[in-house]
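Asker: Here you go, structure.cif (mmCIF, C-alpha atoms):
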data_my_file
loop_
_atom_site.label_atom_id
_atom_site.label_comp_id
_atom_site.auth_asym_id
_atom_site.auth_seq_id
_atom_site.Cartn_x
_atom_site.Cartn_y
_atom_site.Cartn_z
CA MET H 1 18.60 1.37 9.99
CA ASP H 2 16.99 1.22 13.41
CA PHE H 3 15.41 4.07 15.35
CA VAL H 4 14.26 4.37 18.95
CA PHE H 5 12.09 7.18 20.28
CA LYS H 6 10.67 8.06 23.68
CA ASN H 7 8.08 10.54 24.89
CA LYS H 8 6.29 10.87 21.57
CA ARG H 9 2.74 10.03 20.65
CA ILE H 10 0.18 10.19 17.90
CA SER H 11 -2.71 12.22 19.27
CA GLY H 12 -5.08 11.97 16.30
CA ILE H 13 -5.57 10.65 12.78
CA LEU H 14 -8.06 11.96 10.25
CA THR H 15 -8.50 10.34 6.84
CA ILE H 16 -10.06 12.32 4.00
CA LEU H 17 -11.57 10.33 1.13
CA PRO H 18 -13.02 11.55 -2.16
CA LYS H 19 -16.81 11.24 -2.34
CA ARG H 20 -16.67 9.60 -5.75
CA ALA H 21 -16.71 5.77 -5.57
CA ILE H 22 -16.26 3.70 -8.73
CA LYS H 23 -17.18 0.01 -8.79
CA PHE H 24 -14.81 -2.58 -10.28
CA GLU H 25 -17.60 -4.08 -12.38
CA ASP H 26 -18.24 -0.74 -14.06
CA GLU H 27 -14.71 -0.66 -15.44
CA ILE H 28 -14.23 -4.23 -16.65
CA GLU H 29 -14.64 -3.18 -20.28
CA ASN H 30 -11.44 -1.12 -19.98
CA TYR H 31 -9.31 -4.20 -19.40
CA SER H 32 -8.19 -6.71 -22.03
CA PHE H 33 -9.54 -9.64 -19.99
CA SER H 34 -12.77 -11.56 -20.32
CA PRO H 35 -15.45 -10.61 -17.76
CA ALA H 36 -15.06 -14.06 -16.16
CA LYS H 37 -11.33 -13.59 -15.71
CA CYS H 38 -11.89 -10.09 -14.36
CA MET H 39 -14.19 -11.52 -11.69
CA LYS H 40 -11.50 -14.03 -10.67
CA LEU H 41 -9.07 -11.13 -10.44
CA LYS H 42 -11.56 -9.27 -8.29
CA LEU H 43 -11.85 -12.16 -5.84
CA ALA H 44 -8.12 -12.87 -5.62
CA MET H 45 -7.01 -9.27 -5.21
CA GLY H 46 -10.00 -7.99 -3.26
CA TYR H 47 -11.17 -5.33 -5.72
CA LYS H 48 -14.68 -3.97 -5.12
CA GLU H 49 -14.68 -0.21 -5.47
CA HIS H 50 -12.23 2.63 -5.20
CA ARG H 51 -12.38 6.32 -4.35
CA ILE H 52 -11.24 8.65 -7.11
CA ALA H 53 -10.81 12.41 -6.84
CA GLU H 54 -12.87 14.66 -9.09
CA PRO H 55 -10.92 16.31 -11.92
CA GLY H 56 -9.11 19.33 -10.51
CA GLN H 57 -9.00 18.13 -6.90
CA THR H 58 -5.39 18.02 -5.75
CA SER H 59 -3.46 16.48 -2.90
CA VAL H 60 -3.13 19.91 -1.26
CA ASP H 61 -6.93 20.41 -1.53
CA PHE H 62 -7.52 17.19 0.40
CA ALA H 63 -4.92 18.09 3.04
CA ILE H 64 -6.36 21.59 3.49
CA HIS H 65 -9.88 20.18 3.80
CA GLY H 66 -8.70 17.85 6.56
CA MET H 67 -6.81 20.51 8.48
CA GLN H 68 -9.72 22.95 8.17
CA TYR H 69 -12.01 20.29 9.64
CA LEU H 70 -9.69 19.89 12.64
CA PHE H 71 -9.43 23.65 13.16
CA ASP H 72 -13.21 24.05 12.92
CA LYS H 73 -13.81 21.26 15.44
CA GLY H 74 -11.21 22.63 17.85
CA LEU H 75 -9.15 19.46 17.53
CA LEU H 76 -6.11 21.39 16.31
CA HIS H 77 -5.07 25.02 16.82
CA ARG H 78 -3.07 27.03 14.29
CA GLU H 79 -0.72 28.48 16.90
CA ASP H 80 0.28 25.01 18.10
CA VAL H 81 1.61 23.82 14.75
CA ASP H 82 5.42 23.78 14.88
CA ALA H 83 6.02 21.70 11.76
CA ILE H 84 4.13 20.60 8.66
CA LEU H 85 5.35 17.52 6.83
CA PHE H 86 3.75 16.82 3.47
CA VAL H 87 4.45 13.33 2.12
CA SER H 88 3.31 12.65 -1.42
CA GLN H 89 4.16 11.41 -4.91
CA SER H 90 1.56 13.77 -6.39
CA PRO H 91 2.31 17.31 -5.14
CA ASP H 92 0.51 20.29 -6.68
CA TYR H 93 3.73 21.76 -8.08
CA ILE H 94 7.36 20.84 -8.67
CA MET H 95 7.98 24.12 -6.84
CA PRO H 96 7.00 25.55 -4.36
CA PRO H 97 6.70 22.90 -1.64
CA SER H 98 3.12 21.90 -0.84
CA SER H 99 3.82 22.23 2.90
CA ASN H 100 4.64 25.93 2.43
CA ILE H 101 1.45 26.45 0.42
CA ILE H 102 -0.55 24.91 3.26
CA GLN H 103 1.25 26.97 5.90
CA GLY H 104 0.51 30.11 3.91
CA HIS H 105 -3.11 29.15 3.32
CA PHE H 106 -3.78 28.90 7.04
CA GLY H 107 -1.52 31.79 8.09
CA ILE H 108 0.49 29.55 10.37
CA LYS H 109 3.40 31.23 12.18
CA GLN H 110 6.80 31.68 10.51
CA ASP H 111 8.47 29.66 13.28
CA CYS H 112 7.27 26.51 11.59
CA VAL H 113 9.26 23.86 9.74
CA CYS H 114 7.64 23.11 6.36
CA MET H 115 9.02 20.05 4.64
CA ASP H 116 7.92 18.02 1.61
CA ILE H 117 9.01 14.41 1.45
CA SER H 118 8.83 12.50 -1.83
CA GLN H 119 7.76 9.08 -0.61
CA GLY H 120 4.83 6.84 -1.44
CA CYS H 121 3.77 3.48 -0.04
CA ALA H 122 6.03 3.76 3.02
CA GLY H 123 5.23 7.45 3.36
CA PHE H 124 3.26 7.17 6.60
CA GLU H 125 6.08 5.37 8.39
CA ILE H 126 8.78 7.64 6.92
CA GLY H 127 6.68 10.67 7.88
CA LEU H 128 6.19 9.43 11.44
CA ILE H 129 9.91 8.75 11.90
CA GLN H 130 10.74 12.22 10.56
CA SER H 131 8.10 13.71 12.88
CA PHE H 132 9.61 11.96 15.90
CA MET H 133 13.07 13.25 14.95
CA LEU H 134 11.75 16.81 14.73
CA LEU H 135 10.08 16.41 18.12
CA ASP H 136 13.49 15.74 19.67
CA GLN H 137 14.08 19.50 19.24
CA PRO H 138 13.10 21.69 22.20
CA ALA H 139 11.32 24.20 19.92
CA ILE H 140 9.01 21.61 18.36
CA ASN H 141 6.09 20.26 20.36
CA LYS H 142 3.54 19.41 17.69
CA VAL H 143 3.96 18.15 14.10
CA VAL H 144 1.20 17.89 11.53
CA LEU H 145 1.98 14.98 9.24
CA LEU H 146 0.10 15.13 5.94
CA ASN H 147 0.00 12.15 3.60
CA ALA H 148 -1.88 12.95 0.41
CA GLU H 149 -2.16 11.36 -3.04
CA VAL H 150 -4.17 11.93 -6.21
CA LEU H 151 -2.21 9.51 -8.37
CA SER H 152 -5.35 8.30 -10.15
CA SER H 153 -4.96 11.23 -12.55
CA ARG H 154 -1.62 9.78 -13.66
CA THR H 155 -2.83 6.17 -13.89
CA SER H 156 -4.16 4.75 -17.14
CA ARG H 157 -7.71 3.43 -16.87
CA ARG H 158 -6.78 0.77 -19.39
CA ASP H 159 -3.96 -0.60 -17.25
CA ARG H 160 -5.34 -3.53 -15.28
CA ASN H 161 -2.03 -3.77 -13.36
CA SER H 162 -2.59 -0.41 -11.73
CA TRP H 163 -6.01 1.14 -12.29
CA PRO H 164 -8.23 -1.34 -10.38
CA LEU H 165 -6.28 -0.64 -7.21
CA ALA H 166 -5.75 3.11 -7.72
CA GLY H 167 -7.17 5.28 -4.99
CA ASP H 168 -6.95 8.91 -3.90
CA ALA H 169 -7.00 10.11 -0.30
CA ALA H 170 -5.24 12.16 2.35
CA ALA H 171 -4.58 11.80 6.06
CA VAL H 172 -3.78 14.34 8.73
CA THR H 173 -1.87 12.85 11.65
CA VAL H 174 -1.02 14.96 14.69
CA VAL H 175 2.21 13.87 16.34
CA GLU H 176 3.41 15.43 19.58
CA LYS H 177 5.56 15.22 22.67
CA SER H 178 4.21 13.12 25.49
CA ASP H 179 4.85 12.32 29.16
CA ASP H 180 4.19 8.69 28.29
CA ASN H 181 7.36 6.73 28.86
CA SER H 182 6.69 3.97 26.35
CA THR H 183 9.28 3.35 23.66
CA ILE H 184 8.68 3.49 19.91
CA TYR H 185 10.81 1.18 17.79
CA ALA H 186 11.22 1.76 14.09
CA ASN H 187 13.35 0.93 11.09
CA ILE H 188 13.84 2.05 7.50
CA LYS H 189 15.49 0.33 4.56
CA MET H 190 15.93 1.58 1.01
CA ASP H 191 17.20 0.11 -2.24
CA GLY H 192 17.54 2.56 -5.10
CA THR H 193 18.65 -0.17 -7.49
CA GLY H 194 14.94 -1.00 -7.71
CA ALA H 195 13.83 2.61 -8.08
CA PHE H 196 12.01 2.07 -11.36
CA ALA H 197 9.88 -0.86 -10.24
CA LEU H 198 7.27 1.85 -9.68
CA ASN H 199 7.64 5.02 -11.69
CA ILE H 200 6.07 7.73 -13.83
CA PRO H 201 8.52 8.21 -16.74
CA ALA H 202 7.48 11.68 -17.91
CA GLY H 203 6.61 14.94 -16.20
CA GLY H 204 9.84 15.79 -14.42
CA PHE H 205 12.92 17.56 -15.72
CA ARG H 206 14.45 14.36 -17.14
CA MET H 207 11.54 13.82 -19.54
CA PRO H 208 9.09 16.74 -19.60
CA SER H 209 5.50 15.94 -20.56
CA THR H 210 4.86 16.57 -24.26
CA ALA H 211 2.37 15.45 -26.89
CA GLU H 212 4.69 12.50 -27.54
CA THR H 213 4.77 11.35 -23.92
CA ALA H 214 0.95 11.39 -23.88
CA VAL H 215 0.66 8.82 -26.66
CA MET H 216 -0.95 5.60 -25.40
CA VAL H 217 0.99 2.42 -26.17
CA GLN H 218 -0.01 -1.20 -25.58
CA ASP H 219 2.45 -3.38 -23.65
CA ASP H 220 3.06 -7.12 -24.07
CA ALA H 221 0.38 -7.94 -21.49
CA GLY H 222 -2.28 -5.91 -23.30
CA ASN H 223 -2.27 -2.89 -21.00
CA TRP H 224 -2.45 0.60 -22.47
CA ARG H 225 -0.51 3.48 -20.94
CA SER H 226 1.52 6.53 -21.91
CA LYS H 227 4.81 7.81 -20.54
CA ASP H 228 2.79 10.25 -18.44
CA ASN H 229 1.22 7.31 -16.61
CA LEU H 230 2.28 5.32 -13.59
CA VAL H 231 4.05 2.06 -14.41
CA MET H 232 4.18 -0.77 -11.91
CA GLN H 233 6.31 -3.85 -12.49
CA GLY H 234 3.86 -5.96 -10.52
CA ASP H 235 5.92 -9.15 -10.38
CA ASP H 236 9.03 -7.29 -9.22
CA VAL H 237 7.09 -5.43 -6.55
CA PHE H 238 5.44 -8.63 -5.31
CA ASN H 239 8.79 -10.42 -5.08
CA PHE H 240 10.41 -7.47 -3.33
CA VAL H 241 7.64 -7.36 -0.71
CA GLN H 242 7.71 -11.10 -0.05
CA ARG H 243 11.52 -11.09 0.17
CA GLU H 244 12.09 -8.00 2.31
CA VAL H 245 9.05 -7.38 4.50
CA PRO H 246 8.99 -10.58 6.62
CA PRO H 247 12.66 -10.22 7.70
CA MET H 248 12.02 -6.55 8.50
CA ILE H 249 9.12 -7.45 10.80
CA GLU H 250 11.06 -10.32 12.40
CA HIS H 251 13.84 -7.81 13.08
CA LEU H 252 11.32 -5.40 14.61
CA PHE H 253 10.16 -8.16 16.99
CA GLU H 254 13.78 -8.68 18.07
CA GLN H 255 14.56 -4.97 18.27
CA SER H 256 11.50 -4.19 20.40
CA GLY H 257 11.41 -7.39 22.44
CA VAL H 258 7.72 -7.62 21.58
CA ASP H 259 6.32 -11.07 20.86
CA ARG H 260 4.16 -11.28 17.74
CA ASN H 261 1.21 -12.37 19.88
CA GLU H 262 1.42 -9.23 22.02
CA VAL H 263 0.63 -7.04 19.01
CA ASP H 264 -3.06 -6.15 18.86
CA TRP H 265 -3.10 -5.14 15.20
CA TYR H 266 -0.82 -5.27 12.21
CA MET H 267 -1.62 -2.23 10.12
CA PHE H 268 0.26 -2.71 6.86
CA HIS H 269 0.28 -0.86 3.56
CA GLN H 270 -2.58 -2.16 1.40
CA PRO H 271 -1.44 -3.21 -2.10
CA ASN H 272 -3.95 -6.06 -2.40
CA LYS H 273 -5.54 -8.81 -0.33
CA PHE H 274 -3.48 -11.61 -1.86
CA MET H 275 -0.15 -9.99 -1.00
CA LEU H 276 -1.21 -9.20 2.57
CA HIS H 277 -2.47 -12.71 3.24
CA LYS H 278 0.84 -14.12 2.01
CA LEU H 279 2.73 -11.79 4.36
CA ALA H 280 0.50 -12.73 7.29
CA ASP H 281 0.99 -16.45 6.59
CA LYS H 282 4.75 -16.07 6.33
CA LEU H 283 4.87 -14.19 9.65
CA GLY H 284 2.49 -16.58 11.41
CA ILE H 285 -0.05 -13.83 12.04
CA PRO H 286 -3.80 -14.56 11.88
CA HIS H 287 -5.41 -12.84 8.88
CA GLU H 288 -7.94 -11.15 11.19
CA LYS H 289 -5.11 -9.28 12.95
CA MET H 290 -3.87 -7.83 9.66
CA PRO H 291 -6.83 -6.08 7.99
CA ALA H 292 -6.77 -6.29 4.18
CA ASN H 293 -9.97 -4.39 3.45
CA ILE H 294 -8.76 -0.99 2.25
CA VAL H 295 -8.11 -1.74 -1.43
CA GLU H 296 -11.51 -3.41 -1.79
CA ASN H 297 -13.39 -0.50 -0.26
CA PHE H 298 -11.32 2.57 -1.11
CA GLY H 299 -8.35 1.69 -3.32
CA ASN H 300 -4.65 1.98 -2.64
CA ALA H 301 -3.74 5.62 -1.98
CA SER H 302 -0.07 4.82 -1.41
CA GLY H 303 1.13 6.29 1.90
CA VAL H 304 -2.44 7.02 2.99
CA THR H 305 -3.47 3.36 3.22
CA VAL H 306 -2.07 2.75 6.72
CA PRO H 307 -3.85 5.72 8.38
CA THR H 308 -6.98 4.78 6.42
CA CYS H 309 -6.68 1.20 7.65
CA ILE H 310 -6.35 2.44 11.25
CA CYS H 311 -9.30 4.84 11.00
CA TYR H 312 -11.56 2.39 9.16
CA ASN H 313 -10.88 -0.69 11.29
CA LEU H 314 -10.28 0.85 14.72
CA GLY H 315 -11.75 4.37 14.68
CA ASP H 316 -13.20 5.33 18.04
CA LYS H 317 -11.68 2.29 19.75
CA LEU H 318 -8.38 4.18 19.71
CA VAL H 319 -10.04 7.13 21.41
CA SER H 320 -11.08 5.04 24.41
CA ASP H 321 -8.58 2.17 24.48
CA SER H 322 -4.87 1.43 24.43
CA MET H 323 -3.44 -0.88 21.79
CA LYS H 324 -0.07 -2.01 20.52
CA LEU H 325 0.21 -1.63 16.76
CA CYS H 326 2.81 -2.79 14.29
CA LEU H 327 2.85 -0.54 11.22
CA ALA H 328 4.58 -1.30 7.93
CA GLY H 329 4.88 0.36 4.54
CA PHE H 330 6.69 -0.86 1.42
CA GLY H 331 6.91 0.23 -2.16
CA VAL H 332 8.26 3.00 -4.37
CA GLY H 333 11.91 3.77 -3.85
CA LEU H 334 12.27 0.93 -3.16
CA THR H 335 11.55 1.78 0.46
CA TRP H 336 10.35 -0.38 3.33
CA SER H 337 9.80 0.72 6.90
CA SER H 338 8.04 -0.43 10.06
CA LEU H 339 7.19 0.77 13.56
CA MET H 340 6.11 -0.83 16.81
CA MET H 341 4.24 1.58 19.05
CA ASP H 342 1.40 1.99 21.51
CA PHE H 343 -1.69 3.96 20.54
CA GLU H 344 -3.61 5.33 23.50
CA ASN H 345 -6.51 7.71 23.98
CA LEU H 346 -6.32 9.48 20.65
CA GLN H 347 -8.28 12.72 20.44
CA PHE H 348 -9.75 11.65 17.11
CA CYS H 349 -9.52 8.76 14.69
CA LYS H 350 -12.04 8.97 11.91
CA ILE H 351 -12.79 9.26 8.20
CA ILE H 352 -14.44 12.20 6.46
CA GLU H 353 -15.25 12.83 2.81
CA TYR H 354 -14.32 15.68 0.50
CA MET S 1 -0.41 -39.58 -4.56
CA LEU S 2 1.66 -37.85 -7.23
CA ASN S 3 -0.62 -38.95 -10.05
CA ASN S 4 -3.65 -37.79 -8.13
CA MET S 5 -1.99 -34.44 -7.45
CA LYS S 6 -1.08 -34.07 -11.13
CA GLU S 7 -4.67 -34.76 -12.14
CA GLN S 8 -5.94 -32.18 -9.67
CA VAL S 9 -3.45 -29.57 -10.92
CA ILE S 10 -4.45 -30.20 -14.56
CA LYS S 11 -8.12 -29.92 -13.59
CA ILE S 12 -7.57 -26.57 -11.84
CA LEU S 13 -5.44 -25.26 -14.72
CA THR S 14 -8.06 -26.27 -17.27
CA GLU S 15 -10.82 -24.56 -15.32
CA LEU S 16 -8.65 -21.45 -15.16
CA ARG S 17 -7.69 -21.38 -18.86
CA PRO S 18 -10.03 -23.79 -20.72
CA GLU S 19 -8.66 -22.70 -24.10
CA PHE S 20 -5.33 -24.50 -23.48
CA ASP S 21 -4.38 -28.18 -23.24
CA PHE S 22 -2.28 -28.51 -20.10
CA THR S 23 -1.67 -32.25 -20.66
CA GLN S 24 0.70 -31.59 -23.56
CA GLU S 25 4.30 -32.50 -22.71
CA GLY S 26 7.23 -30.13 -23.13
CA LEU S 27 5.36 -26.84 -22.90
CA ASN S 28 6.44 -23.97 -20.67
CA PHE S 29 3.12 -22.52 -19.48
CA ILE S 30 4.62 -19.09 -18.78
CA GLU S 31 6.72 -18.72 -21.92
CA GLU S 32 3.85 -20.01 -24.09
CA GLY S 33 1.53 -17.38 -22.60
CA MET S 34 -0.82 -20.03 -21.17
CA LEU S 35 -0.58 -18.48 -17.70
CA ASP S 36 -0.07 -14.81 -16.88
CA SER S 37 0.67 -13.31 -13.48
CA PHE S 38 -3.03 -12.96 -12.63
CA ASP S 39 -3.62 -16.61 -13.52
CA VAL S 40 -0.79 -17.48 -11.15
CA VAL S 41 -2.50 -15.52 -8.35
CA SER S 42 -5.80 -17.31 -9.01
CA LEU S 43 -4.01 -20.66 -9.21
CA VAL S 44 -2.20 -20.11 -5.90
CA ASN S 45 -5.49 -19.21 -4.22
CA GLU S 46 -7.10 -22.38 -5.60
CA LEU S 47 -4.17 -24.60 -4.59
CA ASP S 48 -3.93 -23.07 -1.10
CA THR S 49 -7.62 -23.76 -0.53
CA LYS S 50 -7.60 -27.23 -2.09
CA TYR S 51 -4.59 -28.49 -0.11
CA GLY S 52 -5.04 -26.45 3.08
CA ILE S 53 -1.62 -24.83 2.75
CA SER S 54 -0.20 -21.38 2.11
CA ILE S 55 2.34 -21.44 -0.69
CA ASP S 56 5.28 -19.30 0.42
CA GLY S 57 5.29 -15.90 -1.27
CA LEU S 58 8.96 -16.36 -2.14
CA ASP S 59 8.01 -19.43 -4.16
CA ILE S 60 5.59 -17.49 -6.35
CA VAL S 61 7.99 -17.08 -9.25
CA PRO S 62 7.42 -18.02 -12.93
CA ASP S 63 9.71 -21.10 -12.89
CA ASN S 64 7.48 -22.80 -10.32
CA PHE S 65 4.43 -22.52 -12.59
CA SER S 66 6.01 -23.50 -15.90
CA SER S 67 4.73 -27.10 -15.99
CA VAL S 68 2.49 -29.54 -14.15
CA ASP S 69 5.57 -31.20 -12.65
CA SER S 70 6.94 -27.90 -11.33
CA ILE S 71 3.58 -27.04 -9.77
CA VAL S 72 3.38 -30.47 -8.11
CA ALA S 73 6.94 -30.02 -6.80
CA LEU S 74 5.91 -26.63 -5.43
CA LEU S 75 2.91 -28.17 -3.68
CA ILE S 76 5.02 -30.88 -2.06
CA LYS S 77 7.64 -28.34 -0.95
CA ASN S 78 4.87 -26.32 0.71
CA GLY S 79 3.44 -29.28 2.60
CA ALA S 80 0.63 -30.51 0.35
CA LYS S 81 -0.32 -34.16 0.89
#
Would you encode the structure as structure tokens?
Answerer:
Amino acid sequence: MDFVFKNKRISGILTILPKRAIKFEDEIENYSFSPAKCMKLKLAMGYKEHRIAEPGQTSVDFAIHGMQYLFDKGLLHREDVDAILFVSQSPDYIMPPSSNIIQGHFGIKQDCVCMDISQGCAGFEIGLIQSFMLLDQPAINKVVLLNAEVLSSRTSRRDRNSWPLAGDAAAVTVVEKSDDNSTIYANIKMDGTGAFALNIPAGGFRMPSTAETAVMVQDDAGNWRSKDNLVMQGDDVFNFVQREVPPMIEHLFEQSGVDRNEVDWYMFHQPNKFMLHKLADKLGIPHEKMPANIVENFGNASGVTVPTCICYNLGDKLVSDSMKLCLAGFGVGLTWSSLMMDFENLQFCKIIEY
Amino acid sequence: MLNNMKEQVIKILTELRPEFDFTQEGLNFIEEGMLDSFDVVSLVNELDTKYGISIDGLDIVPDNFSSVDSIVALLIKNGAK
């Protein structure tokens, strides 16, 4: 499904990372691989270290820390917030919505749309598209998009499929109306037949967490996890990404009329270096235009990887310059989504720690 | 050329998993557990570098890594010379 928007812009992105960094080498003993094989895995996938939240730190904590920073610095004002979108697979509660908790915490006005969206790896793109749709309303001038994940607490440390790339983080993105006449092109696709390629079996109403669901079991590949832990069918996810993402981006080129060489940066979701390089090769995009350095430095925090990639690789350049970016997210759902848009004179684009 | 490519593939496979004999006929490397998905990733990286190609992501499926012959066929399909 294609989308077209006008007179909208991103005016700032703030990424919030946990202070705690854990090195890949320090966790090798958790995996049922020899140290030599682990080091090959490290090189191929680009694992170096990842940021993991302290016990008790939640996705809402990270989002609140980021918003408080923006309020304190005068980069965002409470009275200007017309909508709060909270996109996460690791909300604080099943109910109430995290967005309402955040609105209440800051005493933001009642004329404010609070909305939680259950999305993961494509959560930044889905959140932006939803923000742009809200901004089509006369009453909404500024949306705060929050992407936040603390999925490490539901990932087994003895699962080499998932733990080496696990990462926690949040991002606050301010999206608003603009006089700029440039057009934003976007698309979303979903395929629920692959919904369980990435899943956490227990903890919802279908299978509540119990002592039984917490029992660790070894799978055929030697990974240990319980039903309370995240499961990733790595091969299925890899094949899905290689099959669906290149045609989506080719379609975005056609839809937008933008040649691939006109794009300054391809900021894609960051599952691992290997997967991103294969996508870049398939699309005929130089590796240096598609940064693949987020997993190796911070881990994969699902929908937070794209804003992290933008802040880490471009940062202040987006405050002073204008660039055309192609964004793409793909994963749980299955969901895949992309946008082509100009970034110009952001108020802020940086990373802080919590 | 084919024989040389086969020898190179066996050499890379043996460096990757020295505990197995990849010259044995009739084995399915995936079904026998001689290569897992992470071995395949390492192997693709090695082959890409060695032959100056990029094996198409859509071709990275178990069947294409089940034997030396299938790996050589994969290399040829992806432009290795």
Asker: Could you produce a table of the residues of chain H lying within 12 Å of chain S, with the nearest pair of atoms per residue and their separation in Å rounded to one decimal, using all atoms listed in the file, ordered by chain and increasing residue number, as a Markdown table?
Answerer:
| residue | atom | partner | partner_atom | distance |
| --- | --- | --- | --- | --- |
| H:Phe33 | CA | S:Phe38 | CA | 10.4 |
| H:Ser34 | CA | S:Arg17 | CA | 11.2 |
| H:Ala36 | CA | S:Leu16 | CA | 9.8 |
| H:Lys37 | CA | S:Leu16 | CA | 8.3 |
| H:Cys38 | CA | S:Phe38 | CA | 9.5 |
| H:Met39 | CA | S:Ser42 | CA | 10.5 |
| H:Lys40 | CA | S:Ser42 | CA | 6.8 |
| H:Leu41 | CA | S:Phe38 | CA | 6.7 |
| H:Lys42 | CA | S:Ser42 | CA | 9.9 |
| H:Leu43 | CA | S:Ser42 | CA | 8.6 |
| H:Ala44 | CA | S:Ser42 | CA | 6.0 |
| H:Met45 | CA | S:Val41 | CA | 8.3 |
| H:Gly46 | CA | S:Ser42 | CA | 11.7 |
| H:Arg160 | CA | S:Phe38 | CA | 10.1 |
| H:Asn161 | CA | S:Phe38 | CA | 9.3 |
| H:Asp220 | CA | S:Gly33 | CA | 10.5 |
| H:Ala221 | CA | S:Asp36 | CA | 8.3 |
| H:Gly222 | CA | S:Asp36 | CA | 11.2 |
| H:Gln233 | CA | S:Ser37 | CA | 11.1 |
| H:Gly234 | CA | S:Ser37 | CA | 8.5 |
| H:Asp235 | CA | S:Ser37 | CA | 7.4 |
| H:Asp236 | CA | S:Val61 | CA | 9.8 |
| H:Val237 | CA | S:Gly57 | CA | 11.9 |
| H:Phe238 | CA | S:Gly57 | CA | 8.3 |
| H:Asn239 | CA | S:Leu58 | CA | 6.6 |
| H:Phe240 | CA | S:Leu58 | CA | 9.1 |
| H:Val241 | CA | S:Gly57 | CA | 8.9 |
| H:Gln242 | CA | S:Gly57 | CA | 5.5 |
| H:Arg243 | CA | S:Leu58 | CA | 6.3 |
| H:Glu244 | CA | S:Leu58 | CA | 10.0 |
| H:Val245 | CA | S:Gly57 | CA | 11.0 |
| H:Pro246 | CA | S:Gly57 | CA | 10.2 |
| H:Asn272 | CA | S:Val41 | CA | 11.3 |
| H:Lys273 | CA | S:Val41 | CA | 10.9 |
| H:Phe274 | CA | S:Val41 | CA | 7.6 |
| H:Met275 | CA | S:Gly57 | CA | 8.0 |
| H:Leu276 | CA | S:Gly57 | CA | 10.1 |
| H:His277 | CA | S:Ser54 | CA | 9.0 |
| H:Lys278 | CA | S:Gly57 | CA | 5.8 |
| H:Leu279 | CA | S:Gly57 | CA | 7.4 |
| H:Ala280 | CA | S:Ser54 | CA | 10.1 |
| H:Asp281 | CA | S:Ser54 | CA | 6.8 |
| H:Lys282 | CA | S:Asp56 | CA | 6.8 |
| H:Leu283 | CA | S:Asp56 | CA | 10.6 |
| H:Gly284 | CA | S:Ser54 | CA | 10.8 |
Asker: Between S:Thr49, S:Ser67, S:Asn3, S:Thr14, which one has atoms that come closest to Gly26 of chain S, using all atoms listed in the file?
Answerer: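 Closest candidate: S:Ser67.
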Asker: As AutoDock Vina command-line options, please report the centre and edge lengths, rounded to one decimal in Å, of the axis-aligned box that holds all listed atoms of segment 49-57 of chain S with 4 Å of padding on each of the six sides.
Answerer:
--center_x -1.2 --center_y -22.2 --center_z 0.5 --size_x 20.9 --size_y 20.6 --size_z 13.2
Asker: What do you get, as a PDB file with C-alpha atoms, in the frame of the given file, if you spell out every residue that the PyMOL selection byres ((chain H and resi 344) around 6) selects here?
Answerer:
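The resulting file, part10.pdb, is shown below:
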ATOM      1  CA  ASP H 321      -8.580   2.170  24.480  1.00  0.00           C
ATOM      2  CA  SER H 322      -4.870   1.430  24.430  1.00  0.00           C
ATOM      3  CA  PHE H 343      -1.690   3.960  20.540  1.00  0.00           C
ATOM      4  CA  ASN H 345      -6.510   7.710  23.980  1.00  0.00           C
ATOM      5  CA  LEU H 346      -6.320   9.480  20.650  1.00  0.00           C
TER       6      LEU H 346
END
Asker: Evaluate the PyMOL selection byres ((chain H and resi 136) around 10) and record the selected residues as a ChimeraX atom specification, following the chain and residue labels used in the document.
Answerer: /H:5-8,131-135,137-141,177
Asker: Written as a ChimeraX atom specification, which residues does the PyMOL selection byres ((chain H and resi 312-316) around 8) give for the file shown?
Answerer: /H:291,308-311,317-320,348-351
Asker: Between atom CA of Asp116 of chain H and atom CA of Met267 of chain H, what distance in Å does the model show, to one decimal?
Answerer: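 According to the coordinates, atom CA of Asp116 of chain H and atom CA of Met267 of chain H are separated by 23.9 Å.
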Asker: Can you measure atom CA of Asn147 of chain H to atom CA of Asn187 of chain H for me? One decimal in Å is fine.
Answerer: 19.0 Å
Asker: Atom CA of Phe65 of chain S to atom CA of Asp21 of chain S: how many Å, to one decimal?
Answerer: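 Separation between atom CA of Phe65 of chain S and atom CA of Asp21 of chain S: 14.9 Å.
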Asker: For Ser66 of chain S, which residue among S:Val9, S:Asn4, S:Phe20, S:Glu31 is the nearest when counting all atoms listed in the file?
Answerer: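 With all atoms listed in the file as the atom set, the closest residue is S:Glu31.
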Asker: For the point (-5.0, 26.8, 16.1) in the file's frame, write as a compact mmCIF listing (two decimals) with C-alpha atoms, in the frame of the given file all residues with an atom no more than 12 Å away, counting all atoms listed in the file.
Answerer:
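Saved to point-v9.txt:
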# COMPACT_ATOMS: atom_id res chain seq x y z
CA MET H 67 -6.81 20.51 8.48
CA GLN H 68 -9.72 22.95 8.17
CA TYR H 69 -12.01 20.29 9.64
CA LEU H 70 -9.69 19.89 12.64
CA PHE H 71 -9.43 23.65 13.16
CA ASP H 72 -13.21 24.05 12.92
CA LYS H 73 -13.81 21.26 15.44
CA GLY H 74 -11.21 22.63 17.85
CA LEU H 75 -9.15 19.46 17.53
CA LEU H 76 -6.11 21.39 16.31
CA HIS H 77 -5.07 25.02 16.82
CA ARG H 78 -3.07 27.03 14.29
CA GLU H 79 -0.72 28.48 16.90
CA ASP H 80 0.28 25.01 18.10
CA VAL H 81 1.61 23.82 14.75
CA ASP H 82 5.42 23.78 14.88
CA GLN H 103 1.25 26.97 5.90
CA PHE H 106 -3.78 28.90 7.04
CA GLY H 107 -1.52 31.79 8.09
CA ILE H 108 0.49 29.55 10.37
CA LYS H 109 3.40 31.23 12.18
CA LYS H 142 3.54 19.41 17.69
CA VAL H 144 1.20 17.89 11.53
